[in-house]
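Structure file target.pdb with PDB, C-alpha atoms:
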ATOM      1  CA  MET E 920     -55.144  69.810  -3.098
ATOM      2  CA  GLN E 921     -58.256  68.217  -4.561
ATOM      3  CA  GLU E 922     -61.361  68.741  -2.482
ATOM      4  CA  GLN E 923     -62.591  65.326  -1.414
ATOM      5  CA  ARG E 924     -63.656  63.473   1.670
ATOM      6  CA  MET E 925     -60.323  61.766   2.271
ATOM      7  CA  PRO E 926     -57.199  62.825   0.355
ATOM      8  CA  VAL E 927     -54.694  60.101  -0.460
ATOM      9  CA  VAL E 928     -51.427  61.876  -1.184
ATOM     10  CA  ALA E 929     -48.327  60.249  -2.634
ATOM     11  CA  VAL E 930     -45.028  61.965  -1.864
ATOM     12  CA  VAL E 931     -42.306  60.900  -4.315
ATOM     13  CA  LEU E 932     -38.872  61.673  -2.895
ATOM     14  CA  ALA E 933     -36.435  62.340  -5.736
ATOM     15  CA  ALA E 934     -34.052  64.800  -4.111
ATOM     16  CA  GLY E 935     -31.033  62.565  -3.615
ATOM     17  CA  PHE E 936     -27.810  63.493  -5.378
ATOM     18  CA  GLY E 937     -26.905  59.861  -6.015
ATOM     19  CA  THR E 938     -23.235  60.159  -5.051
ATOM     20  CA  ARG E 939     -22.940  56.354  -5.168
ATOM     21  CA  PHE E 940     -24.295  56.336  -8.697
ATOM     22  CA  ASP E 941     -22.980  59.024 -11.045
ATOM     23  CA  GLU E 942     -22.545  62.617  -9.905
ATOM     24  CA  ASP E 943     -22.745  63.852 -13.495
ATOM     25  CA  ASN E 944     -25.908  61.916 -14.313
ATOM     26  CA  PRO E 945     -28.455  62.001 -11.450
ATOM     27  CA  LYS E 946     -29.943  58.540 -11.121
ATOM     28  CA  GLN E 947     -33.517  59.884 -11.030
ATOM     29  CA  LEU E 948     -33.070  60.850 -14.683
ATOM     30  CA  VAL E 949     -31.261  57.740 -15.900
ATOM     31  CA  SER E 950     -33.234  56.049 -18.666
ATOM     32  CA  LEU E 951     -34.748  52.716 -17.685
ATOM     33  CA  GLY E 952     -36.791  50.813 -20.222
ATOM     34  CA  GLY E 953     -37.064  53.936 -22.340
ATOM     35  CA  LYS E 954     -38.049  56.466 -19.657
ATOM     36  CA  PRO E 955     -36.400  58.162 -16.671
ATOM     37  CA  ILE E 956     -36.456  56.267 -13.383
ATOM     38  CA  VAL E 957     -38.424  59.002 -11.614
ATOM     39  CA  CYS E 958     -41.205  58.742 -14.206
ATOM     40  CA  TRP E 959     -41.725  55.073 -13.364
ATOM     41  CA  SER E 960     -42.227  56.035  -9.723
ATOM     42  CA  ILE E 961     -44.599  58.899 -10.452
ATOM     43  CA  GLU E 962     -46.652  56.785 -12.865
ATOM     44  CA  ALA E 963     -47.201  54.082 -10.258
ATOM     45  CA  PHE E 964     -49.291  56.563  -8.267
ATOM     46  CA  GLU E 965     -50.670  58.435 -11.266
ATOM     47  CA  ASN E 966     -52.174  55.159 -12.464
ATOM     48  CA  ASN E 967     -53.743  54.267  -9.118
ATOM     49  CA  ASP E 968     -57.363  55.436  -9.025
ATOM     50  CA  ARG E 969     -57.327  55.755  -5.252
ATOM     51  CA  VAL E 970     -54.431  58.214  -5.115
ATOM     52  CA  SER E 971     -55.788  61.754  -5.356
ATOM     53  CA  ASP E 972     -52.652  63.906  -5.329
ATOM     54  CA  ILE E 973     -48.915  63.614  -5.919
ATOM     55  CA  ILE E 974     -46.092  65.795  -4.620
ATOM     56  CA  VAL E 975     -42.618  65.350  -6.099
ATOM     57  CA  VAL E 976     -39.626  66.423  -4.018
ATOM     58  CA  VAL E 977     -36.480  67.179  -6.040
ATOM     59  CA  ASN E 978     -33.069  68.789  -5.719
ATOM     60  CA  ASP E 979     -32.050  71.935  -7.557
ATOM     61  CA  ARG E 980     -29.994  70.069 -10.150
ATOM     62  CA  VAL E 981     -32.969  68.214 -11.566
ATOM     63  CA  GLU E 982     -35.923  70.461 -10.699
ATOM     64  CA  GLU E 983     -36.276  72.037 -14.138
ATOM     65  CA  THR E 984     -35.837  68.734 -15.967
ATOM     66  CA  VAL E 985     -38.315  66.888 -13.742
ATOM     67  CA  SER E 986     -40.820  69.704 -14.223
ATOM     68  CA  GLU E 987     -40.484  69.377 -17.996
ATOM     69  CA  LEU E 988     -40.882  65.592 -17.829
ATOM     70  CA  ILE E 989     -44.063  65.952 -15.769
ATOM     71  CA  ASP E 990     -45.482  68.465 -18.236
ATOM     72  CA  GLN E 991     -44.606  66.305 -21.231
ATOM     73  CA  ALA E 992     -46.093  63.176 -19.679
ATOM     74  CA  GLY E 993     -49.236  65.009 -18.582
ATOM     75  CA  TYR E 994     -49.280  63.647 -15.043
ATOM     76  CA  ALA E 995     -52.576  65.159 -13.940
ATOM     77  CA  LYS E 996     -52.253  64.361 -10.234
ATOM     78  CA  VAL E 997     -48.958  66.169  -9.622
ATOM     79  CA  ARG E 998     -49.875  69.232  -7.576
ATOM     80  CA  ALA E 999     -46.429  70.551  -6.738
ATOM     81  CA  ILE E1000     -42.711  70.082  -7.219
ATOM     82  CA  VAL E1001     -40.997  70.871  -3.932
ATOM     83  CA  PRO E1002     -37.302  71.621  -3.368
ATOM     84  CA  GLY E1003     -35.764  68.971  -1.129
ATOM     85  CA  GLY E1004     -33.006  69.181   1.434
ATOM     86  CA  ALA E1005     -29.551  67.838   2.100
ATOM     87  CA  GLU E1006     -30.889  64.691   3.794
ATOM     88  CA  ARG E1007     -33.906  62.485   3.256
ATOM     89  CA  VAL E1008     -35.556  63.774   6.411
ATOM     90  CA  ASP E1009     -35.349  67.347   5.086
ATOM     91  CA  SER E1010     -37.164  66.318   1.916
ATOM     92  CA  THR E1011     -39.936  64.575   3.838
ATOM     93  CA  LEU E1012     -40.351  67.614   6.086
ATOM     94  CA  ALA E1013     -40.561  69.907   3.044
ATOM     95  CA  ALA E1014     -43.468  67.869   1.694
ATOM     96  CA  LEU E1015     -45.215  67.677   5.070
ATOM     97  CA  ASP E1016     -44.877  71.432   5.483
ATOM     98  CA  LEU E1017     -46.503  72.020   2.097
ATOM     99  CA  LEU E1018     -49.358  69.704   3.040
ATOM    100  CA  ARG E1019     -49.826  71.550   6.322
ATOM    101  CA  GLN E1020     -49.952  74.884   4.508
ATOM    102  CA  SER E1021     -52.498  73.404   2.111
ATOM    103  CA  GLY E1022     -54.825  72.647   5.000
ATOM    104  CA  ILE E1023     -54.831  68.892   4.560
ATOM    105  CA  PRO E1024     -56.873  67.162   7.308
ATOM    106  CA  SER E1025     -55.042  65.226  10.013
ATOM    107  CA  ASP E1026     -56.736  61.960   9.025
ATOM    108  CA  ALA E1027     -55.651  62.216   5.375
ATOM    109  CA  LYS E1028     -53.549  59.311   4.095
ATOM    110  CA  VAL E1029     -49.972  60.083   3.040
ATOM    111  CA  LEU E1030     -47.787  57.584   1.180
ATOM    112  CA  ILE E1031     -44.074  58.429   1.091
ATOM    113  CA  HIS E1032     -42.099  56.696  -1.661
ATOM    114  CA  ASP E1033     -38.471  56.579  -2.796
ATOM    115  CA  GLY E1034     -38.280  58.057  -6.285
ATOM    116  CA  VAL E1035     -35.672  55.452  -7.229
ATOM    117  CA  ARG E1036     -37.928  52.473  -6.482
ATOM    118  CA  PRO E1037     -39.496  52.368  -9.946
ATOM    119  CA  PHE E1038     -41.333  49.047  -9.755
ATOM    120  CA  VAL E1039     -43.649  49.315  -6.761
ATOM    121  CA  GLU E1040     -46.689  47.144  -7.414
ATOM    122  CA  GLN E1041     -50.252  48.426  -7.373
ATOM    123  CA  ARG E1042     -51.206  45.809  -4.775
ATOM    124  CA  SER E1043     -48.626  47.322  -2.403
ATOM    125  CA  ILE E1044     -50.000  50.826  -2.914
ATOM    126  CA  ASP E1045     -53.541  49.560  -2.353
ATOM    127  CA  GLY E1046     -52.338  47.590   0.664
ATOM    128  CA  CYS E1047     -50.979  50.769   2.246
ATOM    129  CA  ILE E1048     -54.218  52.659   1.648
ATOM    130  CA  ASP E1049     -56.266  49.801   3.110
ATOM    131  CA  ALA E1050     -53.970  49.352   6.128
ATOM    132  CA  LEU E1051     -54.555  52.963   7.146
ATOM    133  CA  ASP E1052     -58.222  52.165   7.683
ATOM    134  CA  ARG E1053     -57.156  50.196  10.762
ATOM    135  CA  PHE E1054     -53.706  51.556  11.644
ATOM    136  CA  ASN E1055     -52.178  55.031  11.677
ATOM    137  CA  ALA E1056     -48.939  53.825  10.093
ATOM    138  CA  ALA E1057     -47.914  51.102   7.653
ATOM    139  CA  THR E1058     -44.915  50.176   5.559
ATOM    140  CA  VAL E1059     -44.302  47.989   2.563
ATOM    141  CA  ALA E1060     -41.776  45.294   3.421
ATOM    142  CA  PHE E1061     -40.534  42.041   1.929
ATOM    143  CA  ALA E1062     -39.885  38.909   3.951
ATOM    144  CA  SER E1063     -36.178  38.175   4.100
ATOM    145  CA  THR E1064     -35.072  34.866   2.637
ATOM    146  CA  ASP E1065     -31.650  35.351   4.220
ATOM    147  CA  THR E1066     -30.798  35.028   7.885
ATOM    148  CA  ILE E1067     -30.317  38.531   9.323
ATOM    149  CA  LEU E1068     -27.368  39.224  11.631
ATOM    150  CA  LEU E1069     -27.544  42.081  14.120
ATOM    151  CA  THR E1070     -23.994  43.142  14.913
ATOM    152  CA  LYS E1071     -22.076  44.989  17.571
ATOM    153  CA  ASP E1072     -18.589  46.477  17.733
ATOM    154  CA  LEU E1073     -15.719  44.546  19.249
ATOM    155  CA  GLY E1074     -12.786  46.896  18.954
ATOM    156  CA  ASP E1075     -12.248  47.586  15.265
ATOM    157  CA  ARG E1076     -14.300  44.592  14.106
ATOM    158  CA  LYS E1077     -18.009  43.907  13.773
ATOM    159  CA  VAL E1078     -19.193  40.708  15.444
ATOM    160  CA  VAL E1079     -22.583  39.021  15.635
ATOM    161  CA  GLY E1080     -24.691  40.408  18.450
ATOM    162  CA  SER E1081     -27.890  38.482  17.869
ATOM    163  CA  VAL E1082     -29.727  36.504  15.211
ATOM    164  CA  PRO E1083     -33.446  37.285  14.976
ATOM    165  CA  ASP E1084     -35.851  34.571  13.885
ATOM    166  CA  ARG E1085     -35.980  34.676  10.084
ATOM    167  CA  LEU E1086     -39.783  34.481  10.195
ATOM    168  CA  ASP E1087     -39.741  37.904  11.872
ATOM    169  CA  ALA E1088     -37.162  39.480   9.538
ATOM    170  CA  TYR E1089     -38.347  41.781   6.753
ATOM    171  CA  ARG E1090     -36.580  44.176   4.381
ATOM    172  CA  ALA E1091     -38.093  47.633   4.528
ATOM    173  CA  GLN E1092     -39.322  49.073   1.245
ATOM    174  CA  THR E1093     -41.588  51.951   0.257
ATOM    175  CA  PRO E1094     -44.142  53.409   0.145
ATOM    176  CA  GLN E1095     -44.427  53.990   3.848
ATOM    177  CA  ALA E1096     -47.890  55.228   4.748
ATOM    178  CA  PHE E1097     -49.297  57.327   7.550
ATOM    179  CA  ARG E1098     -52.261  59.303   8.692
ATOM    180  CA  PHE E1099     -51.052  62.855   8.236
ATOM    181  CA  GLY E1100     -51.470  63.784  11.905
ATOM    182  CA  THR E1101     -49.454  60.753  13.015
ATOM    183  CA  ILE E1102     -46.375  61.386  10.892
ATOM    184  CA  VAL E1103     -46.426  65.103  11.740
ATOM    185  CA  LYS E1104     -46.574  64.334  15.464
ATOM    186  CA  ALA E1105     -43.699  61.847  15.174
ATOM    187  CA  TYR E1106     -41.508  64.388  13.412
ATOM    188  CA  GLU E1107     -42.365  67.089  15.930
ATOM    189  CA  LEU E1108     -41.171  64.838  18.757
ATOM    190  CA  ALA E1109     -38.093  63.812  16.802
ATOM    191  CA  SER E1110     -37.064  67.403  16.103
ATOM    192  CA  ALA E1111     -36.184  67.851  19.780
ATOM    193  CA  ASP E1112     -33.644  65.022  19.603
ATOM    194  CA  PRO E1113     -30.126  66.218  18.644
ATOM    195  CA  ASP E1114     -29.218  62.676  17.569
ATOM    196  CA  PHE E1115     -32.158  62.462  15.164
ATOM    197  CA  HIS E1116     -30.894  61.023  11.848
ATOM    198  CA  PRO E1117     -33.485  58.548  10.512
ATOM    199  CA  THR E1118     -32.987  56.733   7.222
ATOM    200  CA  ASP E1119     -36.695  56.289   6.614
ATOM    201  CA  ASP E1120     -40.025  57.600   7.865
ATOM    202  CA  THR E1121     -41.193  54.413   9.571
ATOM    203  CA  ARG E1122     -38.209  54.658  11.912
ATOM    204  CA  VAL E1123     -39.471  58.056  13.085
ATOM    205  CA  VAL E1124     -42.790  56.579  14.176
ATOM    206  CA  VAL E1125     -41.187  53.480  15.731
ATOM    207  CA  ASP E1126     -38.680  55.558  17.737
ATOM    208  CA  TYR E1127     -40.831  58.512  18.788
ATOM    209  CA  LEU E1128     -44.321  56.987  18.914
ATOM    210  CA  PRO E1129     -43.420  53.541  20.273
ATOM    211  CA  ASP E1130     -47.020  52.729  21.204
ATOM    212  CA  GLU E1131     -48.172  53.274  17.616
ATOM    213  CA  PRO E1132     -48.185  49.938  15.729
ATOM    214  CA  VAL E1133     -46.864  49.999  12.180
ATOM    215  CA  ALA E1134     -48.609  47.497   9.922
ATOM    216  CA  ILE E1135     -46.640  45.421   7.416
ATOM    217  CA  VAL E1136     -47.868  45.533   3.813
ATOM    218  CA  GLU E1137     -46.559  42.866   1.456
ATOM    219  CA  GLY E1138     -43.849  44.095  -0.884
ATOM    220  CA  SER E1139     -42.044  42.296  -3.686
ATOM    221  CA  GLU E1140     -38.592  41.216  -4.775
ATOM    222  CA  THR E1141     -38.848  43.568  -7.766
ATOM    223  CA  ASN E1142     -39.503  46.654  -5.636
ATOM    224  CA  LEU E1143     -35.781  47.319  -5.531
ATOM    225  CA  LYS E1144     -34.105  50.617  -4.771
ATOM    226  CA  ILE E1145     -31.673  51.648  -7.504
ATOM    227  CA  THR E1146     -28.593  52.758  -5.588
ATOM    228  CA  THR E1147     -25.513  51.966  -7.683
ATOM    229  CA  PRO E1148     -24.858  51.285 -11.397
ATOM    230  CA  SER E1149     -24.669  47.563 -10.594
ATOM    231  CA  ASP E1150     -28.438  47.661  -9.923
ATOM    232  CA  MET E1151     -29.208  48.726 -13.483
ATOM    233  CA  PRO E1152     -28.954  45.335 -15.280
ATOM    234  CA  ILE E1153     -31.457  43.874 -12.821
ATOM    235  CA  ALA E1154     -33.703  46.899 -13.220
ATOM    236  CA  GLU E1155     -33.533  46.696 -17.007
ATOM    237  CA  GLY E1156     -34.577  43.063 -16.829
ATOM    238  CA  ILE E1157     -37.590  43.971 -14.714
ATOM    239  CA  ALA E1158     -38.487  46.860 -17.020
ATOM    240  CA  ASN E1159     -38.317  44.564 -20.039
ATOM    241  CA  SER E1160     -40.534  41.984 -18.364
ATOM    242  CA  LEU E1161     -43.136  44.683 -17.773
ATOM    243  CA  ASP E1162     -43.036  45.837 -21.397
ATOM    244  CA  PRO E1163     -42.945  42.882 -23.831
ATOM    245  CA  GLU E1164     -43.181  45.210 -26.815
ATOM    246  CA  HIS E1165     -40.006  46.938 -25.668
ATOM    247  CA  VAL E1166     -38.314  43.533 -25.519
ATOM    248  CA  LYS E1167     -39.370  42.820 -29.110
ATOM    249  CA  GLU E1168     -38.095  46.145 -30.354
ATOM    250  CA  ALA E1169     -34.819  45.720 -28.472
ATOM    251  CA  ALA E1170     -34.394  42.244 -29.978
ATOM    252  CA  LYS E1171     -35.064  43.617 -33.461
ATOM    253  CA  ALA E1172     -32.504  46.354 -32.917
ATOM    254  CA  ARG E1173     -29.887  43.841 -31.763
ATOM    255  CA  MET E1174     -30.540  41.596 -34.773
ATOM    256  CA  HIS E1175     -30.260  44.587 -37.068
ATOM    257  CA  GLU E1176     -26.877  45.448 -35.518
ATOM    258  CA  VAL E1177     -25.683  41.850 -35.917
ATOM    259  CA  PHE E1178     -26.689  41.683 -39.586
ATOM    260  CA  ALA E1179     -25.251  45.139 -40.275
ATOM    261  CA  GLU E1180     -21.937  44.110 -38.723
ATOM    262  CA  ALA E1181     -21.905  40.837 -40.674
ATOM    263  CA  PHE E1182     -22.698  42.681 -43.907
ATOM    264  CA  SER E1183     -19.903  45.150 -43.225
ATOM    265  CA  GLN E1184     -17.398  42.339 -42.628
ATOM    266  CA  MET E1185     -18.442  40.575 -45.832
ATOM    267  CA  HIS E1186     -17.788  43.697 -47.855
ATOM    268  CA  GLY E1187     -14.523  44.246 -46.018
ATOM    269  CA  HIS E1188     -13.341  40.839 -47.267
ATOM    270  CA  GLY E1189     -14.469  41.431 -50.805
ATOM    271  CA  PHE E1190     -17.637  39.319 -50.672
ATOM    272  CA  GLY E1191     -20.633  40.459 -52.669
ATOM    273  CA  ARG E1192     -18.652  42.585 -55.053
TER
END
Would it be possible to restate this file's structure as structure tokens?
Amino acid sequence: MQEQRMPVVAVVLAAGFGTRFDEDNPKQLVSLGGKPIVCWSIEAFENNDRVSDIIVVVNDRVEETVSELIDQAGYAKVRAIVPGGAERVDSTLAALDLLRQSGIPSDAKVLIHDGVRPFVEQRSIDGCIDALDRFNAATVAFASTDTILLTKDLGDRKVVGSVPDRLDAYRAQTPQAFRFGTIVKAYELASADPDFHPTDDTRVVVDYLPDEPVAIVEGSETNLKITTPSDMPIAEGIANSLDPEHVKEAAKARMHEVFAEAFSQMHGHGFGR
């Protein structure tokens, strides 16, 4: 790790197998706006001056490819590529273990991010870093515009159990940020629970350190998690909006295809001979 007064480490989790996407084409490597999804996520932290170090957690199927992409792109802040585990929690623990072995101080700031959330905004990253000056845990979240229904089981059917006030309802996003000592302590307590199966890191703190407040950092509608192929058209639209030159080039290519097809049809009907 870089020697500095207060490390700010981004952990990019890209170890999922993407079974809901395409088993033969891991979603981390799917091209989005001309570059793999995982590269968008890494670059968000590479381009933030306040982030000192990046760790990328991958699965065996993509480790070599991701390593090559990092080398080609010249991401200077990537310190390590860590093998992940079967579940998200295993991947987080692999990164935390590496940080512990590296001697990172307990008050260091750690931002844990889904590698398939390619469009996290810089203001959200900065918001996480700032929030950790006052709190030991924070998460990016986006206010829900829909009414949220909390359900319960009634035989074989789900029914409405309660309806929380919409003003208090948020959709969890990432990064989720912690003082290193706080997230390590939460996971140590959680490891003794046989029913421990969290879907994100904030849940670990909420469940096992209930007296530790978790600050909300403003997210965005575009900070979507790419889960299934149906998410790709939306993601492509966002990518295009972030790269106007790409839009121009794509438009040129489409026009070229249209004219080429028209020219081919003209010749097929004997025109221009």
Counting only C-alpha atoms, which of E:Pro1037, E:Pro1094, E:Pro1132, E:Gly1100 gets nearest to Ser950 of chain E?
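That would be E:Pro1037, the residue with the smallest distance to Ser950 of chain E.
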Using all atoms listed in the file, determine which residues lie at most 8 Å from segment 952-960 of chain E, disregarding the query and same-chain residues fewer than 6 positions distant; provide the list as a list of chain:residue names.
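In the requested form, the answer reads E:Val931, E:Ala933, E:Lys946, E:Leu988, E:Ile989, E:Asp1033, E:Gly1034, E:Val1035, E:Arg1036, E:Pro1037, E:Phe1038, E:Val1039, E:Glu1155, E:Ala1158, E:Asn1159, E:His1165.
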Could you dump the residues just selected with C-alpha atoms as a tab-separated table (two decimals), keeping the file's coordinate frame?
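In the end it all went to again.tsv:
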chain	number	residue	atom	x	y	z
E	931	VAL	CA	-42.31	60.90	-4.32
E	933	ALA	CA	-36.44	62.34	-5.74
E	946	LYS	CA	-29.94	58.54	-11.12
E	988	LEU	CA	-40.88	65.59	-17.83
E	989	ILE	CA	-44.06	65.95	-15.77
E	1033	ASP	CA	-38.47	56.58	-2.80
E	1034	GLY	CA	-38.28	58.06	-6.28
E	1035	VAL	CA	-35.67	55.45	-7.23
E	1036	ARG	CA	-37.93	52.47	-6.48
E	1037	PRO	CA	-39.50	52.37	-9.95
E	1038	PHE	CA	-41.33	49.05	-9.76
E	1039	VAL	CA	-43.65	49.32	-6.76
E	1155	GLU	CA	-33.53	46.70	-17.01
E	1158	ALA	CA	-38.49	46.86	-17.02
E	1159	ASN	CA	-38.32	44.56	-20.04
E	1165	HIS	CA	-40.01	46.94	-25.67
Contact residues around Ser1063 of chain E with all atoms listed in the file at 6 Å, ignoring same-chain residues under 2 positions, as a PyMOL selection string
chain E and resi 1065+1088-1089
Keeping only C-alpha atoms, write the selected residues to a file as a PDB file, keeping the file's coordinate frame.
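That gives us result-v7.pdb:
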ATOM      1  CA  ASP E1065     -31.650  35.351   4.220  1.00  0.00           C
ATOM      2  CA  ALA E1088     -37.162  39.480   9.538  1.00  0.00           C
ATOM      3  CA  TYR E1089     -38.347  41.781   6.753  1.00  0.00           C
TER       4      TYR E1089
END
Proximity check segment 967-1017 of chain E to segment 1044-1054 of chain E, 12 Å, nearest pairs one decimal Å, all atoms listed in the file, as JSON lines:
{"residue": "E:Asn967", "atom": "CA", "partner": "E:Ile1044", "partner_atom": "CA", "distance": 8.0}
{"residue": "E:Asp968", "atom": "CA", "partner": "E:Asp1045", "partner_atom": "CA", "distance": 9.7}
{"residue": "E:Arg969", "atom": "CA", "partner": "E:Asp1045", "partner_atom": "CA", "distance": 7.8}
{"residue": "E:Val970", "atom": "CA", "partner": "E:Ile1048", "partner_atom": "CA", "distance": 8.8}
{"residue": "E:Ser971", "atom": "CA", "partner": "E:Ile1048", "partner_atom": "CA", "distance": 11.6}
So what does the PyMOL selection byres ((chain E and resi 928) around 7) actually pick up in this one, as JSON, numbers by chain?
{"E": [926, 927, 929, 930, 970, 971, 972, 973, 1028, 1029, 1030]}
Separation of atom CA of Val1123 of chain E from atom CA of Val975 of chain E, in Å and rounded to one decimal:
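Computing the Euclidean distance for atom CA of Val1123 of chain E and atom CA of Val975 of chain E yields 20.8 Å.
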Selection in question (the file shown): the PyMOL selection byres ((chain E and resi 1066-1074) around 10). Which residues does it include, as a PyMOL selection string?
chain E and resi 1063-1065+1075-1090
In Å, rounded to a single decimal, give me how far atom CA of Leu1018 of chain E is from atom CA of Ile1000 of chain E.
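These atoms are spaced 12.2 Å apart.
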Which one of E:Leu951, E:Gly935, E:Glu1107, E:Tyr994 sits closest to Met1151 of chain E if you count all atoms listed in the file?
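Checking each candidate against Met1151 of chain E, we get E:Leu951 as the closest.
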Using only C-alpha atoms, which protein or nucleic acid residues come within 12 Å of Thr1121 of chain E? Drop anything in the same chain fewer than 6 positions from it, and give the result as an MDAnalysis selection string.
chainID E and resid 1008 1011 1030:1032 1055:1060 1091:1097 1101:1102 1105:1106 1127:1129 1131:1135
For atom CA of Lys1104 of chain E and atom CA of Pro1002 of chain E, quote the distance in Å rounded to one decimal.
22.2 Å
For a quick check of your reading of the model, name the residues lying within 10 Å of the coordinate (-36.0, 69.1, -10.4), counting only C-alpha atoms, and write them as a PyMOL selection string.
chain E and resi 933-934+947-948+975-988+1000-1003
Deliver the residues from the most recent selection as a file, using C-alpha atoms, as a short mmCIF file (atom, residue, chain, number, x, y, z; two decimals), in the frame of the given file.
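To be explicit, this is the file written out as part11.cif:
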data_model
loop_
_atom_site.label_atom_id
_atom_site.label_comp_id
_atom_site.auth_asym_id
_atom_site.auth_seq_id
_atom_site.Cartn_x
_atom_site.Cartn_y
_atom_site.Cartn_z
CA ALA E 933 -36.44 62.34 -5.74
CA ALA E 934 -34.05 64.80 -4.11
CA GLN E 947 -33.52 59.88 -11.03
CA LEU E 948 -33.07 60.85 -14.68
CA VAL E 975 -42.62 65.35 -6.10
CA VAL E 976 -39.63 66.42 -4.02
CA VAL E 977 -36.48 67.18 -6.04
CA ASN E 978 -33.07 68.79 -5.72
CA ASP E 979 -32.05 71.94 -7.56
CA ARG E 980 -29.99 70.07 -10.15
CA VAL E 981 -32.97 68.21 -11.57
CA GLU E 982 -35.92 70.46 -10.70
CA GLU E 983 -36.28 72.04 -14.14
CA THR E 984 -35.84 68.73 -15.97
CA VAL E 985 -38.32 66.89 -13.74
CA SER E 986 -40.82 69.70 -14.22
CA GLU E 987 -40.48 69.38 -18.00
CA LEU E 988 -40.88 65.59 -17.83
CA ILE E 1000 -42.71 70.08 -7.22
CA VAL E 1001 -41.00 70.87 -3.93
CA PRO E 1002 -37.30 71.62 -3.37
CA GLY E 1003 -35.76 68.97 -1.13
#
Could you add whatever atoms are missing so that segment 1054-1065 of chain E carries N, CA, C and O atoms, then write the result as a PDB file, keeping the file's coordinate frame?
ATOM      1  N   PHE E1054     -54.891  51.062  10.947  1.00  0.00           N
ATOM      2  CA  PHE E1054     -53.706  51.556  11.644  1.00  0.00           C
ATOM      3  C   PHE E1054     -53.423  52.996  11.228  1.00  0.00           C
ATOM      4  O   PHE E1054     -53.913  53.469  10.204  1.00  0.00           O
ATOM      5  N   ASN E1055     -52.588  53.673  12.021  1.00  0.00           N
ATOM      6  CA  ASN E1055     -52.178  55.031  11.677  1.00  0.00           C
ATOM      7  C   ASN E1055     -50.849  55.069  10.939  1.00  0.00           C
ATOM      8  O   ASN E1055     -50.395  56.136  10.527  1.00  0.00           O
ATOM      9  N   ALA E1056     -50.218  53.908  10.793  1.00  0.00           N
ATOM     10  CA  ALA E1056     -48.939  53.825  10.093  1.00  0.00           C
ATOM     11  C   ALA E1056     -48.790  52.438   9.486  1.00  0.00           C
ATOM     12  O   ALA E1056     -49.245  51.441  10.058  1.00  0.00           O
ATOM     13  N   ALA E1057     -48.149  52.380   8.336  1.00  0.00           N
ATOM     14  CA  ALA E1057     -47.914  51.102   7.653  1.00  0.00           C
ATOM     15  C   ALA E1057     -46.695  51.250   6.759  1.00  0.00           C
ATOM     16  O   ALA E1057     -46.342  52.356   6.342  1.00  0.00           O
ATOM     17  N   THR E1058     -46.055  50.139   6.473  1.00  0.00           N
ATOM     18  CA  THR E1058     -44.915  50.176   5.559  1.00  0.00           C
ATOM     19  C   THR E1058     -44.898  48.932   4.687  1.00  0.00           C
ATOM     20  O   THR E1058     -45.229  47.835   5.152  1.00  0.00           O
ATOM     21  N   VAL E1059     -44.531  49.124   3.452  1.00  0.00           N
ATOM     22  CA  VAL E1059     -44.302  47.989   2.563  1.00  0.00           C
ATOM     23  C   VAL E1059     -42.982  47.337   2.974  1.00  0.00           C
ATOM     24  O   VAL E1059     -41.986  48.027   3.238  1.00  0.00           O
ATOM     25  N   ALA E1060     -42.984  46.027   3.052  1.00  0.00           N
ATOM     26  CA  ALA E1060     -41.776  45.294   3.421  1.00  0.00           C
ATOM     27  C   ALA E1060     -41.826  43.920   2.773  1.00  0.00           C
ATOM     28  O   ALA E1060     -42.901  43.403   2.450  1.00  0.00           O
ATOM     29  N   PHE E1061     -40.641  43.337   2.600  1.00  0.00           N
ATOM     30  CA  PHE E1061     -40.534  42.041   1.929  1.00  0.00           C
ATOM     31  C   PHE E1061     -39.835  41.064   2.852  1.00  0.00           C
ATOM     32  O   PHE E1061     -38.756  41.349   3.393  1.00  0.00           O
ATOM     33  N   ALA E1062     -40.452  39.909   3.046  1.00  0.00           N
ATOM     34  CA  ALA E1062     -39.885  38.909   3.951  1.00  0.00           C
ATOM     35  C   ALA E1062     -38.485  38.510   3.503  1.00  0.00           C
ATOM     36  O   ALA E1062     -38.265  38.199   2.331  1.00  0.00           O
ATOM     37  N   SER E1063     -37.558  38.514   4.428  1.00  0.00           N
ATOM     38  CA  SER E1063     -36.178  38.175   4.100  1.00  0.00           C
ATOM     39  C   SER E1063     -36.016  36.671   3.933  1.00  0.00           C
ATOM     40  O   SER E1063     -36.469  35.887   4.769  1.00  0.00           O
ATOM     41  N   THR E1064     -35.386  36.281   2.850  1.00  0.00           N
ATOM     42  CA  THR E1064     -35.072  34.866   2.637  1.00  0.00           C
ATOM     43  C   THR E1064     -33.697  34.528   3.204  1.00  0.00           C
ATOM     44  O   THR E1064     -33.316  33.362   3.249  1.00  0.00           O
ATOM     45  N   ASP E1065     -32.954  35.543   3.599  1.00  0.00           N
ATOM     46  CA  ASP E1065     -31.650  35.351   4.220  1.00  0.00           C
ATOM     47  C   ASP E1065     -31.772  35.481   5.731  1.00  0.00           C
ATOM     48  O   ASP E1065     -32.637  36.196   6.244  1.00  0.00           O
TER      49      ASP E1065
END
